[in-house]
Structures are given as structure tokens and as C-alpha cells.
>>> print(open('entry_9.csv').read())   # CSV, C-alpha atoms
chain,number,residue,atom,x,y,z
Q,1017,MET,CA,13.6,45.7,51.6
Q,1018,PRO,CA,14.2,43.2,48.8
Q,1019,ASP,CA,14.1,39.5,49.5
Q,1020,LEU,CA,17.5,37.9,49.6
Q,1021,PHE,CA,16.2,34.3,49.6
Q,1022,ILE,CA,12.8,32.8,48.9
Q,1023,ASP,CA,12.2,29.2,49.9
Q,1024,LYS,CA,10.3,27.7,46.9
Q,1025,SER,CA,10.0,24.2,48.5
Q,1026,ASN,CA,6.5,25.0,49.8
Q,1027,SER,CA,5.3,27.0,46.9
Q,1028,PRO,CA,3.3,25.1,44.2
Q,1029,GLN,CA,5.6,23.9,41.4
Q,1030,PRO,CA,4.3,24.4,37.8
Q,1031,GLU,CA,3.3,21.1,36.2
Q,1032,PRO,CA,5.9,19.9,33.6
Q,1033,LEU,CA,4.7,20.7,30.1
Q,1034,GLU,CA,5.0,17.1,28.9
Q,1035,THR,CA,2.3,15.9,31.3
Q,1036,PHE,CA,-0.6,17.9,29.9
Q,1037,SER,CA,0.5,18.7,26.4
Q,1038,PRO,CA,1.7,16.2,23.8
Q,1039,SER,CA,5.1,16.9,22.3
Q,1040,PRO,CA,4.7,19.1,19.3
Q,1041,VAL,CA,7.2,17.0,17.3
Q,1042,LYS,CA,5.4,13.7,18.2
Q,1043,GLU,CA,2.0,15.3,17.3
Q,1044,VAL,CA,3.3,16.5,14.0
Q,1045,LYS,CA,4.7,13.1,13.2
Q,1046,ARG,CA,1.5,11.4,14.2
Q,1047,MET,CA,-0.6,13.8,12.0
Q,1048,SER,CA,1.9,13.4,9.2
Q,1049,ALA,CA,1.6,9.6,9.3
Q,1050,LEU,CA,-2.2,9.8,9.4
Q,1051,LYS,CA,-2.2,12.3,6.6
Q,1052,SER,CA,0.0,10.2,4.4
Q,1053,ILE,CA,-2.6,7.4,4.3
Q,1054,SER,CA,-5.5,9.7,3.7
Q,1055,ALA,CA,-7.4,9.6,0.4
Q,1056,PHE,CA,-7.8,13.3,0.1
Q,1057,ILE,CA,-4.8,15.5,0.9
Q,1058,LEU,CA,-4.7,19.2,0.3
Q,1059,GLN,CA,-1.2,20.5,-0.5
Q,1060,PRO,CA,0.5,17.2,0.5
Q,1061,PRO,CA,4.2,17.3,1.5
Q,1062,ILE,CA,5.3,14.9,-1.3
Q,1063,THR,CA,7.1,14.9,-4.6
Q,1064,PHE,CA,6.6,12.9,-7.7
Q,1065,GLU,CA,8.9,11.7,-10.5
Q,1066,THR,CA,8.1,14.2,-13.2
Q,1067,GLN,CA,7.5,17.2,-11.0
Q,1068,GLU,CA,8.9,20.5,-12.3
Q,1069,GLN,CA,10.8,22.9,-10.0
Q,1070,ASP,CA,8.1,25.6,-10.1
Q,1071,GLU,CA,5.3,23.1,-9.8
Q,1072,THR,CA,3.2,23.0,-6.6
Q,1073,ILE,CA,1.0,20.0,-5.7
Q,1074,ILE,CA,-2.5,21.2,-4.8
Q,1075,LEU,CA,-4.3,18.0,-4.3
Q,1076,LEU,CA,-3.4,14.3,-3.9
Q,1077,LEU,CA,-6.2,11.8,-4.3
Q,1078,ARG,CA,-6.6,8.1,-3.9
Q,1079,LYS,CA,-9.6,5.9,-4.0
Q,1080,HIS,CA,-11.8,6.4,-0.9
Q,1081,VAL,CA,-10.5,4.3,2.1
Q,1082,ILE,CA,-13.9,2.5,2.3
Q,1083,THR,CA,-13.1,0.9,-1.1
Q,1084,ASN,CA,-10.4,-1.1,0.7
Q,1085,VAL,CA,-13.0,-2.9,2.9
Q,1086,PRO,CA,-13.5,-6.0,0.7
Q,1087,TRP,CA,-9.8,-6.9,0.6
Q,1088,LEU,CA,-9.3,-6.0,4.2
Q,1089,LEU,CA,-12.1,-8.4,5.1
Q,1090,ALA,CA,-10.6,-11.0,2.9
Q,1091,GLY,CA,-7.3,-10.5,4.6
Q,1092,LEU,CA,-8.9,-10.8,8.1
Q,1093,PHE,CA,-10.7,-14.0,6.9
Q,1094,LEU,CA,-7.4,-15.4,5.7
Q,1095,PHE,CA,-5.6,-14.4,8.9
Q,1096,PHE,CA,-8.2,-16.0,11.2
Q,1097,LEU,CA,-9.0,-19.1,9.1
Q,1098,PRO,CA,-6.2,-21.2,10.6
Q,1099,LEU,CA,-8.1,-21.0,13.9
Q,1100,PHE,CA,-10.7,-23.2,12.4
Q,1101,PHE,CA,-8.2,-25.7,10.9
Q,1102,PRO,CA,-8.7,-28.2,13.8
Q,1103,VAL,CA,-12.4,-28.3,12.9
Q,1104,ILE,CA,-11.6,-28.5,9.1
Q,1105,GLY,CA,-8.9,-31.0,9.8
Q,1106,HIS,CA,-11.4,-33.2,11.7
Q,1107,ILE,CA,-13.7,-33.2,8.7
Q,1108,PHE,CA,-11.0,-33.8,6.1
Q,1109,ASN,CA,-8.8,-36.0,8.3
Q,1110,ILE,CA,-5.7,-33.7,8.1
Q,1111,SER,CA,-4.2,-35.5,11.2
Q,1112,SER,CA,-2.6,-37.9,8.7
Q,1113,VAL,CA,-0.4,-35.0,7.4
Q,1114,PRO,CA,3.0,-35.0,9.2
Q,1115,VAL,CA,3.4,-32.3,11.8
Q,1116,ARG,CA,6.4,-30.8,10.0
Q,1117,PHE,CA,4.3,-30.4,6.8
Q,1118,GLN,CA,1.5,-28.8,8.9
Q,1119,PHE,CA,4.1,-26.4,10.4
Q,1120,ILE,CA,5.6,-25.3,7.0
Q,1121,GLY,CA,2.0,-25.1,5.6
Q,1122,MET,CA,1.0,-22.7,8.4
Q,1123,LEU,CA,4.1,-20.5,7.8
Q,1124,LEU,CA,3.3,-20.4,4.1
Q,1125,TRP,CA,-0.3,-19.6,4.8
Q,1126,TYR,CA,0.7,-16.5,6.7
Q,1127,LEU,CA,3.3,-15.5,4.2
Q,1128,PHE,CA,0.8,-15.6,1.4
Q,1129,THR,CA,-1.8,-13.7,3.6
Q,1130,PHE,CA,0.8,-11.0,4.3
Q,1131,SER,CA,1.7,-10.9,0.6
Q,1132,PHE,CA,-1.9,-10.5,-0.4
Q,1133,ILE,CA,-2.6,-7.7,2.0
Q,1134,PHE,CA,0.7,-6.0,1.2
Q,1135,GLN,CA,0.0,-6.1,-2.6
Q,1136,LYS,CA,-3.5,-4.7,-2.1
Q,1137,PHE,CA,-2.2,-1.9,0.1
Q,1138,LEU,CA,0.6,-1.0,-2.3
Q,1139,ASN,CA,-1.9,-0.9,-5.2
Q,1140,TRP,CA,-4.2,1.5,-3.2
Q,1141,TYR,CA,-1.4,3.6,-1.8
Q,1142,TYR,CA,0.5,4.3,-5.0
Q,1143,ASN,CA,-2.3,4.6,-7.5
Q,1144,VAL,CA,-2.9,8.3,-7.0
Q,1145,TYR,CA,-4.3,11.2,-8.8
Q,1146,ILE,CA,-2.4,14.5,-8.5
Q,1147,VAL,CA,-3.6,18.0,-9.2
Q,1148,THR,CA,-0.9,20.6,-9.4
Q,1149,ASP,CA,-1.0,24.2,-10.4
Q,1150,HIS,CA,0.1,23.2,-13.9
Q,1151,ARG,CA,-1.6,19.9,-14.7
Q,1152,VAL,CA,-3.5,16.8,-13.5
Q,1153,ILE,CA,-1.6,13.5,-13.3
Q,1154,ASP,CA,-2.9,10.0,-13.1
Q,1155,THR,CA,-0.4,7.4,-11.7
Q,1156,ASP,CA,-1.4,3.8,-12.3
Q,1157,PHE,CA,0.5,0.7,-11.3
Q,1158,PHE,CA,-0.7,-2.5,-12.9
Q,1159,SER,CA,0.3,-6.0,-11.8
Q,1160,LEU,CA,3.9,-5.9,-10.5
Q,1161,LEU,CA,6.2,-3.9,-12.6
Q,1162,TYR,CA,4.1,-2.0,-15.1
Q,1163,LYS,CA,3.3,1.6,-14.4
Q,1164,HIS,CA,1.4,4.1,-16.5
Q,1165,ILE,CA,1.7,7.8,-15.8
Q,1166,SER,CA,-0.4,10.2,-17.8
Q,1167,ASP,CA,-0.9,13.9,-17.4
Q,1168,ALA,CA,-2.8,16.7,-19.0
Q,1169,PRO,CA,-1.9,20.4,-18.7
Q,1170,LEU,CA,-4.7,22.6,-17.3
Q,1171,ASP,CA,-4.8,24.4,-20.7
Q,1172,ASN,CA,-6.0,21.1,-22.3
Q,1173,ILE,CA,-8.8,20.5,-19.9
Q,1174,GLN,CA,-12.2,21.2,-21.5
Q,1175,ASP,CA,-14.6,20.0,-19.0
Q,1176,VAL,CA,-14.7,18.6,-15.4
Q,1177,SER,CA,-17.6,16.7,-14.0
Q,1178,TYR,CA,-18.4,14.1,-11.4
Q,1179,SER,CA,-20.9,11.3,-10.8
Q,1180,MET,CA,-22.0,9.6,-7.6
Q,1181,GLY,CA,-24.0,6.4,-7.5
Q,1182,GLY,CA,-24.8,3.6,-5.2
Q,1183,VAL,CA,-25.4,3.2,-1.5
Q,1184,GLY,CA,-21.7,3.3,-0.5
Q,1185,SER,CA,-21.0,6.4,-2.6
Q,1186,ALA,CA,-23.9,8.2,-1.0
Q,1187,LEU,CA,-23.0,7.1,2.5
Q,1188,PHE,CA,-19.3,7.9,2.4
Q,1189,ASN,CA,-19.4,10.8,-0.1
Q,1190,TYR,CA,-17.2,9.5,-2.9
Q,1191,GLY,CA,-17.6,9.3,-6.6
Q,1192,ASN,CA,-15.9,9.5,-10.0
Q,1193,VAL,CA,-14.5,12.7,-11.4
Q,1194,TYR,CA,-14.3,12.9,-15.2
Q,1195,ILE,CA,-11.9,15.3,-16.9
Q,1196,GLN,CA,-12.4,15.8,-20.6
Q,1197,THR,CA,-9.3,16.9,-22.3
Q,1198,ALA,CA,-8.3,18.0,-25.9
Q,1199,ALA,CA,-8.8,15.3,-28.5
Q,1200,GLU,CA,-5.2,13.9,-28.7
Q,1201,ILE,CA,-5.0,13.3,-24.9
Q,1202,PRO,CA,-7.2,10.6,-23.5
Q,1203,ASP,CA,-9.8,11.6,-21.0
Q,1204,PHE,CA,-9.1,11.2,-17.3
Q,1205,GLU,CA,-11.2,9.4,-14.8
Q,1206,PHE,CA,-10.5,9.7,-11.0
Q,1207,ASP,CA,-12.2,6.6,-9.6
Q,1208,ALA,CA,-14.0,6.6,-6.3
Q,1209,VAL,CA,-12.3,9.7,-4.9
Q,1210,PRO,CA,-13.6,11.4,-1.7
Q,1211,VAL,CA,-15.6,14.6,-1.9
Q,1212,PRO,CA,-15.8,14.7,-5.8
Q,1213,ASP,CA,-17.6,18.1,-5.8
Q,1214,ARG,CA,-14.6,19.6,-4.0
Q,1215,VAL,CA,-12.2,18.1,-6.4
Q,1216,VAL,CA,-14.2,19.5,-9.3
Q,1217,LYS,CA,-14.3,22.9,-7.7
Q,1218,THR,CA,-10.6,22.9,-7.0
Q,1219,ILE,CA,-9.7,22.0,-10.6
Q,1220,THR,CA,-12.2,24.6,-12.0
Q,1221,LYS,CA,-10.7,27.2,-9.7
Q,1222,LEU,CA,-7.2,26.3,-10.9
Q,1223,MET,CA,-8.3,26.5,-14.5
Q,1224,GLU,CA,-9.8,29.9,-13.9
Q,1225,ASP,CA,-6.6,31.1,-12.3
Q,1226,HIS,CA,-4.6,29.6,-15.2
Q,1227,GLY,CA,-6.9,31.3,-17.8
Q,1228,LEU,CA,-6.5,34.7,-16.1
Q,1229,HIS,CA,-2.8,34.3,-16.0
Q,1230,LEU,CA,-2.7,33.4,-19.7
Q,1231,LEU,CA,-4.8,36.3,-20.7
Q,1232,GLY,CA,-2.6,38.6,-18.6
Q,1233,LYS,CA,-5.4,39.6,-16.3
Q,1234,LYS,CA,-3.7,38.4,-13.1
Q,1235,PRO,CA,-2.7,41.4,-11.0
V,898,MET,CA,24.1,-45.7,-10.4
V,899,ASN,CA,22.7,-48.7,-12.3
V,900,PHE,CA,19.1,-49.2,-13.3
V,901,ASP,CA,18.3,-51.5,-10.4
V,902,THR,CA,19.5,-49.0,-7.8
V,903,LEU,CA,17.5,-46.2,-9.5
V,904,PHE,CA,14.4,-48.4,-9.6
V,905,ALA,CA,14.8,-49.3,-5.9
V,906,LEU,CA,15.2,-45.6,-5.1
V,907,LEU,CA,12.1,-44.7,-7.1
V,908,LEU,CA,10.1,-47.3,-5.3
V,909,HIS,CA,11.0,-45.7,-2.0
V,910,ILE,CA,9.7,-42.3,-3.0
V,911,THR,CA,6.6,-41.4,-1.0
V,912,ILE,CA,3.9,-38.8,-1.6
V,913,TRP,CA,5.5,-36.6,1.0
V,914,ASP,CA,8.8,-36.6,-0.9
V,915,ILE,CA,7.0,-35.4,-4.0
V,916,ILE,CA,5.1,-32.7,-2.0
V,917,LYS,CA,8.5,-31.6,-0.5
V,918,ILE,CA,10.0,-31.2,-4.0
V,919,PHE,CA,6.9,-29.3,-5.2
V,920,LEU,CA,7.1,-27.0,-2.1
V,921,GLU,CA,10.8,-26.3,-2.5
V,922,ILE,CA,10.3,-25.4,-6.2
V,923,SER,CA,7.3,-23.2,-5.3
V,924,LEU,CA,9.3,-21.5,-2.6
V,925,LEU,CA,12.2,-20.8,-5.0
V,926,ILE,CA,9.7,-19.2,-7.4
V,927,TYR,CA,8.2,-17.3,-4.5
V,928,ILE,CA,11.7,-16.0,-3.5
V,929,PHE,CA,11.9,-14.5,-7.0
V,930,PHE,CA,8.5,-13.0,-6.6
V,931,SER,CA,9.6,-11.4,-3.2
V,932,VAL,CA,12.6,-9.8,-5.0
V,933,VAL,CA,10.2,-8.4,-7.6
V,934,VAL,CA,8.1,-7.0,-4.7
V,935,ILE,CA,11.2,-5.2,-3.4
V,936,ARG,CA,11.9,-3.8,-6.8
V,937,GLN,CA,8.2,-2.8,-7.2
V,938,VAL,CA,8.2,-0.9,-3.9
V,939,ASP,CA,11.4,0.8,-5.0
V,940,LEU,CA,9.9,1.9,-8.3
V,941,MET,CA,6.7,3.1,-6.7
V,942,GLY,CA,8.7,5.0,-4.1
V,943,HIS,CA,10.7,6.6,-6.9
V,944,ALA,CA,7.6,7.6,-8.8
V,945,LEU,CA,5.9,9.1,-5.7
V,946,GLY,CA,7.9,10.4,-2.8
V,947,VAL,CA,5.7,9.8,0.1
V,948,SER,CA,6.5,9.5,3.8
V,949,LEU,CA,5.5,5.9,4.2
V,950,THR,CA,7.9,4.6,1.5
V,951,PRO,CA,10.8,3.7,3.9
V,952,VAL,CA,8.3,1.6,6.0
V,953,LEU,CA,7.0,-0.1,2.9
V,954,ARG,CA,10.6,-0.8,1.7
V,955,PHE,CA,11.3,-2.3,5.2
V,956,LEU,CA,8.2,-4.5,5.0
V,957,ALA,CA,9.1,-5.7,1.5
V,958,ALA,CA,12.6,-6.6,2.8
V,959,ILE,CA,11.0,-8.5,5.8
V,960,HIS,CA,8.8,-10.4,3.3
V,961,PHE,CA,11.9,-11.4,1.3
V,962,PHE,CA,13.9,-12.6,4.3
V,963,ALA,CA,10.8,-14.5,5.7
V,964,THR,CA,10.5,-16.2,2.4
V,965,VAL,CA,14.2,-17.2,2.3
V,966,GLY,CA,13.9,-18.3,6.0
V,967,ILE,CA,10.9,-20.6,5.2
V,968,PHE,CA,12.7,-22.0,2.2
V,969,VAL,CA,15.7,-22.9,4.3
V,970,LEU,CA,13.5,-24.3,7.1
V,971,ALA,CA,11.6,-26.4,4.6
V,972,LEU,CA,14.9,-27.8,3.3
V,973,LEU,CA,16.0,-28.7,6.8
V,974,ILE,CA,12.9,-30.1,8.4
V,975,LEU,CA,10.9,-31.7,5.5
>>> encode(input="entry_9.csv", output="C-alpha cells")
Amino acid sequence: MPDLFIDKSNSPQPEPLETFSPSPVKEVKRMSALKSISAFILQPPITFETQEQDETIILLLRKHVITNVPWLLAGLFLFFLPLFFPVIGHIFNISSVPVRFQFIGMLLWYLFTFSFIFQKFLNWYYNVYIVTDHRVIDTDFFSLLYKHISDAPLDNIQDVSYSMGGVGSALFNYGNVYIQTAAEIPDFEFDAVPVPDRVVKTITKLMEDHGLHLLGKKP
Amino acid sequence: MNFDTLFALLLHITIWDIIKIFLEISLLIYIFFSVVVIRQVDLMGHALGVSLTPVLRFLAAIHFFATVGIFVLALLIL
């Protein structure tokens, strides 16, 4: 005889999904945010100013994250230095400075510290090297409002090599990638990019694919 | 204002008044700089469409408003 009613109050209830598994949307957002500040991103979900419609970004490169350590330390130093102002003030007799000036001075200090860190981060974050299935692009921002974007089609690339030197480079696996191009286009140098051997391999592979396509050997 | 009044006024100027004028002028220049930073972030975001650009635009705006706030505060309390 079929059951007409089953009392589920005593039966074990399944655990809600949220408690043992992170929300997929949240996880994707978290990964996306982490990925966006990476220095080596394969097929990044970004666009750039001069991108063509049929152009796919293969690689986005920045200087290795470890190259940011000097300005990060400087920023930390500037941030925590006011903690020692009482000691410094005692030495240089800052107590004679009116409190309102000390207060504005402190606000200005943190404003400049923020500005310093922000500028350094912007410089790192937006100075990128992009490898697409058509070309390589070097985006440079100098000082505040000057930008220089240069690119070289894969056809014009003659040689790709890399060099690694120094303790930091060996420890954190970063180096410079050199791209030699046709005479009228200046050579490219990707400074301090992570895993330079992989970058060289990727560009070489793309060039091979491009060459096969040009020769009509692509199936 | 005659010469004597001006002279008397100049005699009453302290080092802190001079520092205040210097600070206010510096802050005015810095406000201009913070506007340039906003424009810079805008240009960078236009050149490279990355996910962090809105956050950086927001931070640049915060930086600008903080600068204006400190400028006004300095005018009021110094």
C-alpha cells in the first residue's frame, strides 16, 4: 500500500548548500578580482583601446608583483612614521607648533601617503604588455598624462628571447623578454615579467600559427 | 588703507600666518593635481578596460574630495 503521509520532522534534513559550499557567483567574483591584479594572465577578460573586433587577447603581462615591494615598504614606512612623531617632536621641540597646525599637517601627511601609494599602484597596474593573436602591444604611462602605446604585428617579429639575472629574478622567476622586430619598428622589451620562458614559448607558438596561416598550411 | 595701517598690519603678521598662506596655496595646487589624477585614471581606464577601473575611479574621486575637505578645513581652523 502506498504511503499517504510521511512525517519528515524526525528524518535528517539535508544541510543547506550555502553552509558547506561557497556561492559560485561570489567565488567567481573573488577569483576575478584576484586575477585582475595578477602579473601574468592567460586569456584575460579585458579589452584595450585599439583592439580590433576579431582580435583575441592571449596574454596580459605586468611587472612581477615582487617588484612592487620597494614602494610598498616606503608606503608602510610613511604610514607608520607618525606613530614616532612624539619621539621626533621631543627631539626637535615640535610642541611649540600650534595643535591646529599639527592636525592639518597630519591630515596632509596621510593625503600625500595615499597619493604616493595610489600613483605607484596605477603605474604598475596600467603599464601592461599584451599579446594578442595578431600582435604584441606595449602600453606605457609616464608621469601623469602622457601615454605611449606601441605595437608590432606578429609578422614583423624576428626574434624573441629572454634574460634573467639577480637573486630576486632567480627566486621569484621573473625576467626581461626581448622582442626583436623589423627595422622600422623599435624593439620591444617586457621588463621583469613573470615566467619569461612561458611568455617566449607563447609568442613563438603564436608566430608559428601565424606563419602556417599565412602560408595556407592551416587545416 | 593708508601706509601706516598697512605697516601696522604687516607688523602683526606672524610666522604662522605665513605658513597658513603657504599651506593654502599648496593645497590649491594639490586640488588641481587631484583633478589631474581623476583624469589620469579615466584615460588609463579608457586605454585598458580592466575590472578594477571603477574602484580606482572611486578612489581618485575620494582623493579629490579629501583634498577639497582639507583645504576648507585649513581655511576654517588655521
>>> atom_distance(input="entry_9.csv", atom1="CA of Ala1208 in chain Q", atom2="CA of Asn1192 in chain Q")
5.1 Å
>>> atom_distance(input="entry_9.csv", atom1="CA of Leu1077 in chain Q", atom2="CA of Ile1057 in chain Q")
6.5 Å
>>> closest_residue(input="entry_9.csv", among="Q:Ala1168, Q:Ile1062, Q:Ile1107, Q:Lys1136", to="Pro1086 in chain Q", atoms="only C-alpha atoms")
Q:Lys1136
>>> interface_residues(input="entry_9.csv", of="chain Q", to="chain V", cutoff="9 Å", atoms="all atoms listed in the file", output="NGL selection string")
:Q and (1048-1049 or 1052-1053 or 1061-1066 or 1113-1114 or 1116-1117 or 1120 or 1123-1124 or 1127 or 1130-1131 or 1134-1135 or 1138 or 1142 or 1144 or 1155 or 1157 or 1160-1163)
>>> atom_distance(input="entry_9.csv", atom1="CA of Gln1174 in chain Q", atom2="CA of Thr1197 in chain Q")
5.2 Å
>>> axis_aligned_box(input="entry_9.csv", around="range 935-950 of chain V", padding_each_side="6 Å", output="lines of an AutoDock Vina configuration file")
center_x = 8.7
center_y = 2.6
center_z = -2.3
size_x = 18.4
size_y = 27.6
size_z = 25.0
>>> closest_residue(input="entry_9.csv", among="V:Asp939, V:Val969, V:Ile910, V:Ile959", to="Leu925 in chain V", atoms="only C-alpha atoms")
V:Val969
>>> residues_around(input="entry_9.csv", residues="His1080 in chain Q", least_positions_apart="4", cutoff="9 Å", atoms="all atoms listed in the file", output="PyMOL selection string")
chain Q and resi 1054-1056+1084+1188-1191+1207-1210
>>> write_last_selection(input="entry_9.csv", atoms="C-alpha atoms", output="tab-separated table (two decimals), keeping the file's coordinate frame")
chain	number	residue	atom	x	y	z
Q	1054	SER	CA	-5.50	9.70	3.70
Q	1055	ALA	CA	-7.40	9.60	0.40
Q	1056	PHE	CA	-7.80	13.30	0.10
Q	1084	ASN	CA	-10.40	-1.10	0.70
Q	1188	PHE	CA	-19.30	7.90	2.40
Q	1189	ASN	CA	-19.40	10.80	-0.10
Q	1190	TYR	CA	-17.20	9.50	-2.90
Q	1191	GLY	CA	-17.60	9.30	-6.60
Q	1207	ASP	CA	-12.20	6.60	-9.60
Q	1208	ALA	CA	-14.00	6.60	-6.30
Q	1209	VAL	CA	-12.30	9.70	-4.90
Q	1210	PRO	CA	-13.60	11.40	-1.70
>>> decode(input="entry_9.csv", residues="range 951-961 of chain V", atoms="all heavy atoms", output="PDB file, in the first residue's frame")
ATOM      1  N   PRO V 951      36.589  50.803 -12.138  1.00  0.00           N
ATOM      2  CA  PRO V 951      35.606  51.573 -11.351  1.00  0.00           C
ATOM      3  C   PRO V 951      36.068  51.832  -9.919  1.00  0.00           C
ATOM      4  O   PRO V 951      35.841  52.919  -9.386  1.00  0.00           O
ATOM      5  CB  PRO V 951      34.363  50.675 -11.354  1.00  0.00           C
ATOM      6  CG  PRO V 951      34.532  49.790 -12.530  1.00  0.00           C
ATOM      7  CD  PRO V 951      35.997  49.580 -12.696  1.00  0.00           C
ATOM      8  N   VAL V 952      36.734  50.860  -9.326  1.00  0.00           N
ATOM      9  CA  VAL V 952      37.240  51.027  -7.952  1.00  0.00           C
ATOM     10  C   VAL V 952      38.296  52.129  -7.923  1.00  0.00           C
ATOM     11  O   VAL V 952      38.303  52.991  -7.034  1.00  0.00           O
ATOM     12  CB  VAL V 952      37.848  49.700  -7.434  1.00  0.00           C
ATOM     13  CG1 VAL V 952      38.408  49.869  -6.035  1.00  0.00           C
ATOM     14  CG2 VAL V 952      36.807  48.595  -7.455  1.00  0.00           C
ATOM     15  N   LEU V 953      39.174  52.123  -8.925  1.00  0.00           N
ATOM     16  CA  LEU V 953      40.239  53.125  -8.973  1.00  0.00           C
ATOM     17  C   LEU V 953      39.673  54.518  -9.241  1.00  0.00           C
ATOM     18  O   LEU V 953      40.164  55.507  -8.690  1.00  0.00           O
ATOM     19  CB  LEU V 953      41.269  52.745 -10.045  1.00  0.00           C
ATOM     20  CG  LEU V 953      42.019  51.436  -9.758  1.00  0.00           C
ATOM     21  CD1 LEU V 953      42.879  51.036 -10.936  1.00  0.00           C
ATOM     22  CD2 LEU V 953      42.886  51.569  -8.513  1.00  0.00           C
ATOM     23  N   ARG V 954      38.626  54.579 -10.063  1.00  0.00           N
ATOM     24  CA  ARG V 954      37.955  55.870 -10.304  1.00  0.00           C
ATOM     25  C   ARG V 954      37.356  56.400  -8.999  1.00  0.00           C
ATOM     26  O   ARG V 954      37.453  57.586  -8.696  1.00  0.00           O
ATOM     27  CB  ARG V 954      36.844  55.686 -11.343  1.00  0.00           C
ATOM     28  CG  ARG V 954      37.378  55.700 -12.752  1.00  0.00           C
ATOM     29  CD  ARG V 954      36.247  55.860 -13.758  1.00  0.00           C
ATOM     30  NE  ARG V 954      36.788  55.846 -15.105  1.00  0.00           N
ATOM     31  CZ  ARG V 954      36.372  55.034 -16.072  1.00  0.00           C
ATOM     32  NH1 ARG V 954      35.410  54.189 -15.841  1.00  0.00           N
ATOM     33  NH2 ARG V 954      36.907  55.082 -17.273  1.00  0.00           N
ATOM     34  N   PHE V 955      36.765  55.490  -8.232  1.00  0.00           N
ATOM     35  CA  PHE V 955      36.159  55.860  -6.956  1.00  0.00           C
ATOM     36  C   PHE V 955      37.242  56.385  -5.995  1.00  0.00           C
ATOM     37  O   PHE V 955      37.054  57.407  -5.331  1.00  0.00           O
ATOM     38  CB  PHE V 955      35.441  54.637  -6.360  1.00  0.00           C
ATOM     39  CG  PHE V 955      34.864  54.860  -5.005  1.00  0.00           C
ATOM     40  CD1 PHE V 955      33.725  55.646  -4.839  1.00  0.00           C
ATOM     41  CD2 PHE V 955      35.441  54.287  -3.879  1.00  0.00           C
ATOM     42  CE1 PHE V 955      33.195  55.861  -3.576  1.00  0.00           C
ATOM     43  CE2 PHE V 955      34.915  54.500  -2.620  1.00  0.00           C
ATOM     44  CZ  PHE V 955      33.785  55.282  -2.468  1.00  0.00           C
ATOM     45  N   LEU V 956      38.377  55.691  -5.948  1.00  0.00           N
ATOM     46  CA  LEU V 956      39.465  56.115  -5.065  1.00  0.00           C
ATOM     47  C   LEU V 956      40.011  57.485  -5.472  1.00  0.00           C
ATOM     48  O   LEU V 956      40.337  58.315  -4.627  1.00  0.00           O
ATOM     49  CB  LEU V 956      40.595  55.073  -5.080  1.00  0.00           C
ATOM     50  CG  LEU V 956      40.323  53.773  -4.330  1.00  0.00           C
ATOM     51  CD1 LEU V 956      41.461  52.786  -4.521  1.00  0.00           C
ATOM     52  CD2 LEU V 956      40.141  54.040  -2.839  1.00  0.00           C
ATOM     53  N   ALA V 957      40.103  57.709  -6.790  1.00  0.00           N
ATOM     54  CA  ALA V 957      40.582  59.007  -7.283  1.00  0.00           C
ATOM     55  C   ALA V 957      39.602  60.110  -6.876  1.00  0.00           C
ATOM     56  O   ALA V 957      40.027  61.218  -6.501  1.00  0.00           O
ATOM     57  CB  ALA V 957      40.738  58.962  -8.797  1.00  0.00           C
ATOM     58  N   ALA V 958      38.300  59.799  -6.929  1.00  0.00           N
ATOM     59  CA  ALA V 958      37.287  60.786  -6.524  1.00  0.00           C
ATOM     60  C   ALA V 958      37.386  61.063  -5.027  1.00  0.00           C
ATOM     61  O   ALA V 958      37.314  62.217  -4.591  1.00  0.00           O
ATOM     62  CB  ALA V 958      35.899  60.277  -6.887  1.00  0.00           C
ATOM     63  N   ILE V 959      37.573  59.993  -4.245  1.00  0.00           N
ATOM     64  CA  ILE V 959      37.727  60.140  -2.784  1.00  0.00           C
ATOM     65  C   ILE V 959      38.935  61.040  -2.485  1.00  0.00           C
ATOM     66  O   ILE V 959      38.889  61.921  -1.630  1.00  0.00           O
ATOM     67  CB  ILE V 959      37.933  58.744  -2.122  1.00  0.00           C
ATOM     68  CG1 ILE V 959      36.647  57.922  -2.207  1.00  0.00           C
ATOM     69  CG2 ILE V 959      38.435  58.852  -0.691  1.00  0.00           C
ATOM     70  CD1 ILE V 959      35.585  58.316  -1.217  1.00  0.00           C
ATOM     71  N   HIS V 960      40.014  60.803  -3.216  1.00  0.00           N
ATOM     72  CA  HIS V 960      41.244  61.591  -3.049  1.00  0.00           C
ATOM     73  C   HIS V 960      40.968  63.071  -3.310  1.00  0.00           C
ATOM     74  O   HIS V 960      41.403  63.948  -2.550  1.00  0.00           O
ATOM     75  CB  HIS V 960      42.304  61.031  -4.017  1.00  0.00           C
ATOM     76  CG  HIS V 960      43.587  61.788  -4.016  1.00  0.00           C
ATOM     77  ND1 HIS V 960      44.049  62.443  -5.133  1.00  0.00           N
ATOM     78  CD2 HIS V 960      44.506  61.991  -3.045  1.00  0.00           C
ATOM     79  CE1 HIS V 960      45.195  63.015  -4.847  1.00  0.00           C
ATOM     80  NE2 HIS V 960      45.498  62.755  -3.595  1.00  0.00           N
ATOM     81  N   PHE V 961      40.193  63.353  -4.360  1.00  0.00           N
ATOM     82  CA  PHE V 961      39.850  64.735  -4.710  1.00  0.00           C
ATOM     83  C   PHE V 961      39.016  65.383  -3.609  1.00  0.00           C
ATOM     84  O   PHE V 961      39.328  66.488  -3.136  1.00  0.00           O
ATOM     85  CB  PHE V 961      39.093  64.762  -6.047  1.00  0.00           C
ATOM     86  CG  PHE V 961      38.447  66.084  -6.355  1.00  0.00           C
ATOM     87  CD1 PHE V 961      39.226  67.171  -6.738  1.00  0.00           C
ATOM     88  CD2 PHE V 961      37.077  66.255  -6.239  1.00  0.00           C
ATOM     89  CE1 PHE V 961      38.633  68.399  -7.016  1.00  0.00           C
ATOM     90  CE2 PHE V 961      36.486  67.476  -6.509  1.00  0.00           C
ATOM     91  CZ  PHE V 961      37.268  68.556  -6.896  1.00  0.00           C
TER      92      PHE V 961
END
